[in-house]
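Just below is one structure, and these are the notes that go with it.
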Number of protein chains: 2
Amino acid sequence: MTERGMLIILSGPSGCGKGTMLKEVVKRTACEVSVSATTRDPREGEIDGVHYHFFTREDFEKRIVGNEMLEYAQYCNNYYGTLKESVESIRSQGKHAVLEIEVQGALKIMEEHPDAVTIFTLPPTLAELRRRLEKRGTETQEVIEQRIARAIEEIPFAERYQYIVWNDKLEDAVDDFCAIVQAEANRTKYSKERIGAFTKSC
Amino acid sequence: MTERGMLIILSGPSGCGKGTMLKEVVKRTACEVSVSATTRDPREGEIDGVHYHFFTREDFEKRIVGNEMLEYAQYCNNYYGTLKESVESIRSQGKHAVLEIEVQGALKIMEEHPDAVTIFTLPPTLAELRRRLEKRGTETQEVIEQRIARAIEEIPFAERYQYIVWNDKLEDAVDDFCAIVQAEANRTKYSKERIGAFTKSC
């Protein structure tokens, strides 16, 4: 019932399966994941415009000044953010733009876009998060400990999100995410025009 | 994620398929339809406690005075209403109690139970509503006109509900209803305890 797509925010600890979840969600719904922008160097195999929009520091800062960013933040001396245009080009096609972003950026967007659908995903336990991070085998033990520490810091903010999706079994988590998208598209606000037309047909 | 079941209200014009929809919904979700109470006489084939709780006028009024009704109203010199106990016995089992009720009763419950999930269902057009009422063949043309007139009166209240389910194809409407139930069960408020436990496990 939505002509213009919705804005959907997904946050959750690194390693809890957000990327895998979204890969399935886009197959089953009219969702598209918005590509983030960053100033960090591309890793092997990363394609500009697919994994990230890779910008120079100067270019990124120009876009901040030009009010082209929906949100942005600095980590480890690099900028990360969301281009308004990336989101807009998805939504204007009637697709739902999904932003996989950190808590700070999410809180900023919630303030400016109270219509956004906000989802926080969590693994069943912290022990399971550690297991998943170790299984990936892409990070050192030190980085894993940092990610766990960061997850613990972020958890109190989970209550600021509208929905919690517990990612115990991937399939169930995907199913919950898809149900949220479908339910939100049935919100009364998106039917106002159609109710008007219905009434006029009386 | 809900230990205690939710309270779900469904309203919509007579003849738009609420009963058929709910028959499918209870098969696919943890929903149970709450049995209403009435003082009207049972029709052929109607079973006390299944289709309605049939009460005498005196008994119904005793329950009103005793504060046993969640909502009630009078139509055509008969009482219709919802027993608090009917709803409570469903919710305390962890099932979601679905109330198929009229707009006036629904608005009263919305005030007292802001946590209730509220859904208004509509046929695609008024012409289709008329067609469905005529197809049922159970009402005279006069009654059909009354129902259409009543539908027109009720439509402005649709915007007071959280969700609109357009019942064009039954299967899609059932699917939307089930998605709403699933999404609502993922509301952050139902995960607060689990988030607390997650944090304590740190």
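Chains: A, B, ... in order of the structure tokens. Residues: from 1 per chain. Ligands: from 1, in order shown.
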
### Task
May I ask you to extract the residues of chain B within 7 Å of chain A, using only C-alpha atoms, and to give them as a ChimeraX atom specification?
/B:125-126,152,159,161-165,176,179-180,182-183,186-188,191,198-199,202

Print the selection's residues with N, CA and C atoms to a file, as an mmCIF file, in the first residue's frame.
```
data_model
loop_
_atom_site.group_PDB
_atom_site.id
_atom_site.type_symbol
_atom_site.label_atom_id
_atom_site.label_comp_id
_atom_site.auth_asym_id
_atom_site.auth_seq_id
_atom_site.Cartn_x
_atom_site.Cartn_y
_atom_site.Cartn_z
ATOM 1 N N THR B 125 -13.860 -2.258 -2.894
ATOM 2 C CA THR B 125 -14.779 -1.162 -3.248
ATOM 3 C C THR B 125 -16.133 -1.403 -2.581
ATOM 4 N N LEU B 126 -16.957 -0.364 -2.592
ATOM 5 C CA LEU B 126 -18.312 -0.509 -2.048
ATOM 6 C C LEU B 126 -19.156 -1.430 -2.923
ATOM 7 N N ILE B 152 -20.726 2.914 5.256
ATOM 8 C CA ILE B 152 -20.364 4.281 4.882
ATOM 9 C C ILE B 152 -20.163 5.141 6.139
ATOM 10 N N GLU B 159 -9.560 5.302 10.184
ATOM 11 C CA GLU B 159 -8.266 5.962 10.420
ATOM 12 C C GLU B 159 -7.848 5.966 11.889
ATOM 13 N N TYR B 161 -7.724 3.233 13.551
ATOM 14 C CA TYR B 161 -7.087 1.922 13.733
ATOM 15 C C TYR B 161 -5.628 2.005 13.276
ATOM 16 N N GLN B 162 -4.792 1.112 13.814
ATOM 17 C CA GLN B 162 -3.360 1.134 13.473
ATOM 18 C C GLN B 162 -3.091 0.589 12.069
ATOM 19 N N TYR B 163 -3.867 -0.411 11.699
ATOM 20 C CA TYR B 163 -3.631 -1.086 10.416
ATOM 21 C C TYR B 163 -4.909 -1.167 9.591
ATOM 22 N N ILE B 164 -4.745 -1.117 8.269
ATOM 23 C CA ILE B 164 -5.853 -1.394 7.355
ATOM 24 C C ILE B 164 -5.489 -2.646 6.565
ATOM 25 N N VAL B 165 -6.391 -3.604 6.561
ATOM 26 C CA VAL B 165 -6.192 -4.781 5.714
ATOM 27 C C VAL B 165 -7.269 -4.737 4.635
ATOM 28 N N ASP B 176 -1.655 -10.729 5.310
ATOM 29 C CA ASP B 176 -1.389 -9.428 5.940
ATOM 30 C C ASP B 176 -1.712 -9.474 7.428
ATOM 31 N N ALA B 179 0.932 -11.397 9.247
ATOM 32 C CA ALA B 179 2.183 -10.626 9.322
ATOM 33 C C ALA B 179 2.091 -9.579 10.428
ATOM 34 N N ILE B 180 0.920 -8.960 10.570
ATOM 35 C CA ILE B 180 0.730 -7.960 11.628
ATOM 36 C C ILE B 180 0.898 -8.613 13.000
ATOM 37 N N GLN B 182 2.573 -11.328 13.739
ATOM 38 C CA GLN B 182 3.975 -11.704 13.918
ATOM 39 C C GLN B 182 4.852 -10.486 14.212
ATOM 40 N N ALA B 183 4.631 -9.411 13.460
ATOM 41 C CA ALA B 183 5.418 -8.188 13.678
ATOM 42 C C ALA B 183 5.162 -7.640 15.075
ATOM 43 N N ASN B 186 6.997 -8.983 17.858
ATOM 44 C CA ASN B 186 8.410 -8.593 17.879
ATOM 45 C C ASN B 186 8.632 -7.184 18.415
ATOM 46 N N ARG B 187 7.564 -6.535 18.885
ATOM 47 C CA ARG B 187 7.701 -5.195 19.465
ATOM 48 C C ARG B 187 8.703 -5.233 20.619
ATOM 49 N N THR B 188 9.494 -4.190 20.698
ATOM 50 C CA THR B 188 10.557 -4.121 21.710
ATOM 51 C C THR B 188 10.035 -4.342 23.130
ATOM 52 N N SER B 191 10.385 -7.687 24.516
ATOM 53 C CA SER B 191 11.738 -8.243 24.626
ATOM 54 C C SER B 191 12.511 -7.652 25.799
ATOM 55 N N PHE B 198 20.033 -10.774 28.718
ATOM 56 C CA PHE B 198 21.171 -10.767 27.784
ATOM 57 C C PHE B 198 22.292 -9.901 28.367
ATOM 58 N N THR B 199 21.902 -8.729 28.864
ATOM 59 C CA THR B 199 22.876 -7.789 29.407
ATOM 60 C C THR B 199 23.545 -8.363 30.648
ATOM 61 N N CYS B 202 26.497 -10.643 30.437
ATOM 62 C CA CYS B 202 27.779 -10.058 30.009
ATOM 63 C C CYS B 202 28.834 -10.262 31.101
#
```

Kindly assemble as a Markdown table a list of the region 88-164 of chain A residues that lie within 8 Å of region 10-27 of chain A, each paired with its nearest atom pair and their distance in Å to one decimal, using only C-alpha atoms, sorted first by chain and then by ascending residue number.
```
| residue | atom | partner | partner_atom | distance |
| --- | --- | --- | --- | --- |
| A:Val98 | CA | A:Leu10 | CA | 7.0 |
| A:Leu99 | CA | A:Leu10 | CA | 6.0 |
| A:Glu100 | CA | A:Leu10 | CA | 4.8 |
| A:Ile101 | CA | A:Ser11 | CA | 5.5 |
| A:Glu102 | CA | A:Ser11 | CA | 5.7 |
| A:Val103 | CA | A:Ser11 | CA | 6.4 |
| A:Ala106 | CA | A:Ser11 | CA | 7.6 |
| A:Thr118 | CA | A:Leu10 | CA | 6.3 |
| A:Ile119 | CA | A:Leu10 | CA | 5.0 |
| A:Phe120 | CA | A:Ser11 | CA | 4.9 |
| A:Thr121 | CA | A:Gly12 | CA | 4.9 |
| A:Leu122 | CA | A:Gly12 | CA | 5.9 |
| A:Pro123 | CA | A:Cys16 | CA | 5.5 |
| A:Leu129 | CA | A:Cys16 | CA | 6.1 |
| A:Arg132 | CA | A:Gly15 | CA | 6.2 |
| A:Leu133 | CA | A:Gly15 | CA | 5.4 |
| A:Arg147 | CA | A:Ser14 | CA | 6.5 |
| A:Ile148 | CA | A:Pro13 | CA | 7.9 |
| A:Arg150 | CA | A:Pro13 | CA | 7.5 |
| A:Ala151 | CA | A:Pro13 | CA | 5.0 |
| A:Glu154 | CA | A:Pro13 | CA | 7.5 |
```

#### Entry: Atomic separation - CA of Cys31 (chain B) relative to CA of Gly94 (chain B), Å
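It comes out at 9.3 Å.
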
### Message
If DSSP is run on the backbone, what residues of chain B are alpha helix (DSSP H)? A reply as a PyMOL selection string would be ideal.
### Response
chain B and resi 18-28+57-65+84-91+103-112+126-136+141-154+170-185+192-200

### Message
as an MDAnalysis selection string, please: every residue in region 10-185 of chain A that DSSP puts in strand (DSSP E or B).
### Response
chainID A and resid 10:11 31:33 37:38 48 52:54 69:75 78:83 96:100 117:122 163:166

Give me a file of those residues, with N, CA and C atoms, as an mmCIF file, in the first residue's frame.
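Output below, filename selection_35.cif:
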```
data_model
loop_
_atom_site.group_PDB
_atom_site.id
_atom_site.type_symbol
_atom_site.label_atom_id
_atom_site.label_comp_id
_atom_site.auth_asym_id
_atom_site.auth_seq_id
_atom_site.Cartn_x
_atom_site.Cartn_y
_atom_site.Cartn_z
ATOM 1 N N LEU A 10 18.261 -0.982 10.329
ATOM 2 C CA LEU A 10 18.640 -2.208 11.037
ATOM 3 C C LEU A 10 19.974 -1.989 11.741
ATOM 4 N N SER A 11 19.966 -2.206 13.040
ATOM 5 C CA SER A 11 21.210 -2.155 13.812
ATOM 6 C C SER A 11 21.348 -3.435 14.608
ATOM 7 N N CYS A 31 12.407 -4.855 -0.450
ATOM 8 C CA CYS A 31 13.468 -4.110 0.239
ATOM 9 C C CYS A 31 14.740 -4.076 -0.605
ATOM 10 N N GLU A 32 15.466 -2.975 -0.494
ATOM 11 C CA GLU A 32 16.787 -2.896 -1.109
ATOM 12 C C GLU A 32 17.735 -2.279 -0.080
ATOM 13 N N VAL A 33 18.921 -2.856 0.033
ATOM 14 C CA VAL A 33 19.867 -2.332 1.020
ATOM 15 C C VAL A 33 20.591 -1.130 0.423
ATOM 16 N N ALA A 37 28.519 5.027 2.292
ATOM 17 C CA ALA A 37 29.709 5.706 1.781
ATOM 18 C C ALA A 37 30.796 5.647 2.840
ATOM 19 N N THR A 38 32.043 5.586 2.406
ATOM 20 C CA THR A 38 33.153 5.565 3.368
ATOM 21 C C THR A 38 34.422 6.153 2.743
ATOM 22 N N ASP A 48 33.359 -0.552 -5.824
ATOM 23 C CA ASP A 48 32.803 0.784 -5.590
ATOM 24 C C ASP A 48 31.361 0.839 -6.086
ATOM 25 N N TYR A 52 30.472 -0.459 -1.037
ATOM 26 C CA TYR A 52 30.481 0.900 -0.490
ATOM 27 C C TYR A 52 30.598 1.885 -1.652
ATOM 28 N N HIS A 53 30.236 3.122 -1.395
ATOM 29 C CA HIS A 53 30.691 4.218 -2.250
ATOM 30 C C HIS A 53 31.995 4.691 -1.630
ATOM 31 N N PHE A 54 33.099 4.468 -2.345
ATOM 32 C CA PHE A 54 34.397 4.865 -1.789
ATOM 33 C C PHE A 54 34.726 6.304 -2.192
ATOM 34 N N MET A 69 24.448 14.194 3.163
ATOM 35 C CA MET A 69 24.475 12.973 3.984
ATOM 36 C C MET A 69 23.239 12.894 4.885
ATOM 37 N N LEU A 70 22.643 11.708 4.915
ATOM 38 C CA LEU A 70 21.511 11.477 5.821
ATOM 39 C C LEU A 70 22.046 11.331 7.245
ATOM 40 N N GLU A 71 23.177 10.661 7.376
ATOM 41 C CA GLU A 71 23.886 10.543 8.656
ATOM 42 C C GLU A 71 25.322 10.184 8.308
ATOM 43 N N TYR A 72 26.205 10.494 9.249
ATOM 44 C CA TYR A 72 27.599 10.071 9.077
ATOM 45 C C TYR A 72 28.279 10.068 10.432
ATOM 46 N N ALA A 73 29.394 9.352 10.502
ATOM 47 C CA ALA A 73 30.168 9.305 11.741
ATOM 48 C C ALA A 73 31.607 8.975 11.376
ATOM 49 N N GLN A 74 32.510 9.198 12.330
ATOM 50 C CA GLN A 74 33.914 8.851 12.117
ATOM 51 C C GLN A 74 34.284 7.684 13.018
ATOM 52 N N TYR A 75 34.959 6.683 12.449
ATOM 53 C CA TYR A 75 35.528 5.597 13.237
ATOM 54 C C TYR A 75 36.942 5.370 12.744
ATOM 55 N N ASN A 78 38.266 7.250 9.876
ATOM 56 C CA ASN A 78 37.591 7.203 8.577
ATOM 57 C C ASN A 78 36.129 7.619 8.728
ATOM 58 N N TYR A 79 35.613 8.248 7.683
ATOM 59 C CA TYR A 79 34.192 8.573 7.679
ATOM 60 C C TYR A 79 33.374 7.388 7.166
ATOM 61 N N TYR A 80 32.198 7.215 7.741
ATOM 62 C CA TYR A 80 31.196 6.255 7.249
ATOM 63 C C TYR A 80 29.874 6.999 7.247
ATOM 64 N N GLY A 81 29.058 6.782 6.254
ATOM 65 C CA GLY A 81 27.776 7.495 6.258
ATOM 66 C C GLY A 81 26.834 7.026 5.175
ATOM 67 N N THR A 82 25.663 7.666 5.154
ATOM 68 C CA THR A 82 24.612 7.318 4.192
ATOM 69 C C THR A 82 24.292 8.530 3.340
ATOM 70 N N LEU A 83 24.401 8.378 2.035
ATOM 71 C CA LEU A 83 24.039 9.457 1.117
ATOM 72 C C LEU A 83 22.516 9.555 1.016
ATOM 73 N N HIS A 96 11.596 -0.325 -0.473
ATOM 74 C CA HIS A 96 11.938 0.085 0.884
ATOM 75 C C HIS A 96 13.457 0.116 1.034
ATOM 76 N N ALA A 97 13.980 1.261 1.477
ATOM 77 C CA ALA A 97 15.427 1.402 1.654
ATOM 78 C C ALA A 97 15.823 0.916 3.039
ATOM 79 N N VAL A 98 16.672 -0.114 3.075
ATOM 80 C CA VAL A 98 17.149 -0.638 4.358
ATOM 81 C C VAL A 98 18.553 -0.106 4.616
ATOM 82 N N LEU A 99 18.724 0.509 5.768
ATOM 83 C CA LEU A 99 20.032 1.029 6.179
ATOM 84 C C LEU A 99 20.569 0.150 7.286
ATOM 85 N N GLU A 100 21.714 -0.470 7.036
ATOM 86 C CA GLU A 100 22.354 -1.258 8.082
ATOM 87 C C GLU A 100 23.367 -0.335 8.727
ATOM 88 N N VAL A 117 11.075 2.834 10.102
ATOM 89 C CA VAL A 117 10.840 1.569 10.806
ATOM 90 C C VAL A 117 12.190 1.144 11.375
ATOM 91 N N THR A 118 12.247 0.893 12.681
ATOM 92 C CA THR A 118 13.544 0.649 13.306
ATOM 93 C C THR A 118 13.601 -0.725 13.963
ATOM 94 N N ILE A 119 14.592 -1.476 13.575
ATOM 95 C CA ILE A 119 14.741 -2.870 14.021
ATOM 96 C C ILE A 119 16.134 -3.077 14.605
ATOM 97 N N PHE A 120 16.183 -3.681 15.770
ATOM 98 C CA PHE A 120 17.468 -4.033 16.388
ATOM 99 C C PHE A 120 17.531 -5.552 16.426
ATOM 100 N N THR A 121 18.636 -6.097 15.968
ATOM 101 C CA THR A 121 18.743 -7.550 15.984
ATOM 102 C C THR A 121 19.823 -7.990 16.970
ATOM 103 N N LEU A 122 19.559 -9.083 17.630
ATOM 104 C CA LEU A 122 20.485 -9.595 18.651
ATOM 105 C C LEU A 122 20.636 -11.098 18.491
ATOM 106 N N TYR A 163 11.311 -2.528 17.051
ATOM 107 C CA TYR A 163 11.240 -3.992 17.018
ATOM 108 C C TYR A 163 12.576 -4.618 17.397
ATOM 109 N N ILE A 164 12.499 -5.782 18.034
ATOM 110 C CA ILE A 164 13.698 -6.594 18.279
ATOM 111 C C ILE A 164 13.527 -7.895 17.501
ATOM 112 N N VAL A 165 14.531 -8.220 16.712
ATOM 113 C CA VAL A 165 14.527 -9.526 16.039
ATOM 114 C C VAL A 165 15.659 -10.348 16.636
ATOM 115 N N TRP A 166 15.293 -11.405 17.335
ATOM 116 C CA TRP A 166 16.296 -12.289 17.930
ATOM 117 C C TRP A 166 16.769 -13.244 16.854
#
```

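In this model, the gap between CA of Glu68 (chain A) and CA of Pro42 (chain A) comes to 21.7 Å.
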
### Task
Can you work out which one of B:Glu128, B:Val143, B:Arg28, B:Asp115 has the shortest atom-to-atom distance to Asn167 (chain B), counting only C-alpha atoms?
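Of the candidates, the smallest distance to Asn167 (chain B) is held by B:Glu128.
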
### Task
Work out how far CA of Cys76 (chain B) is from CA of Asp41 (chain B), in Å to one decimal.
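Going from CA of Asp41 (chain B) over to CA of Cys76 (chain B), I get 12.2 Å.
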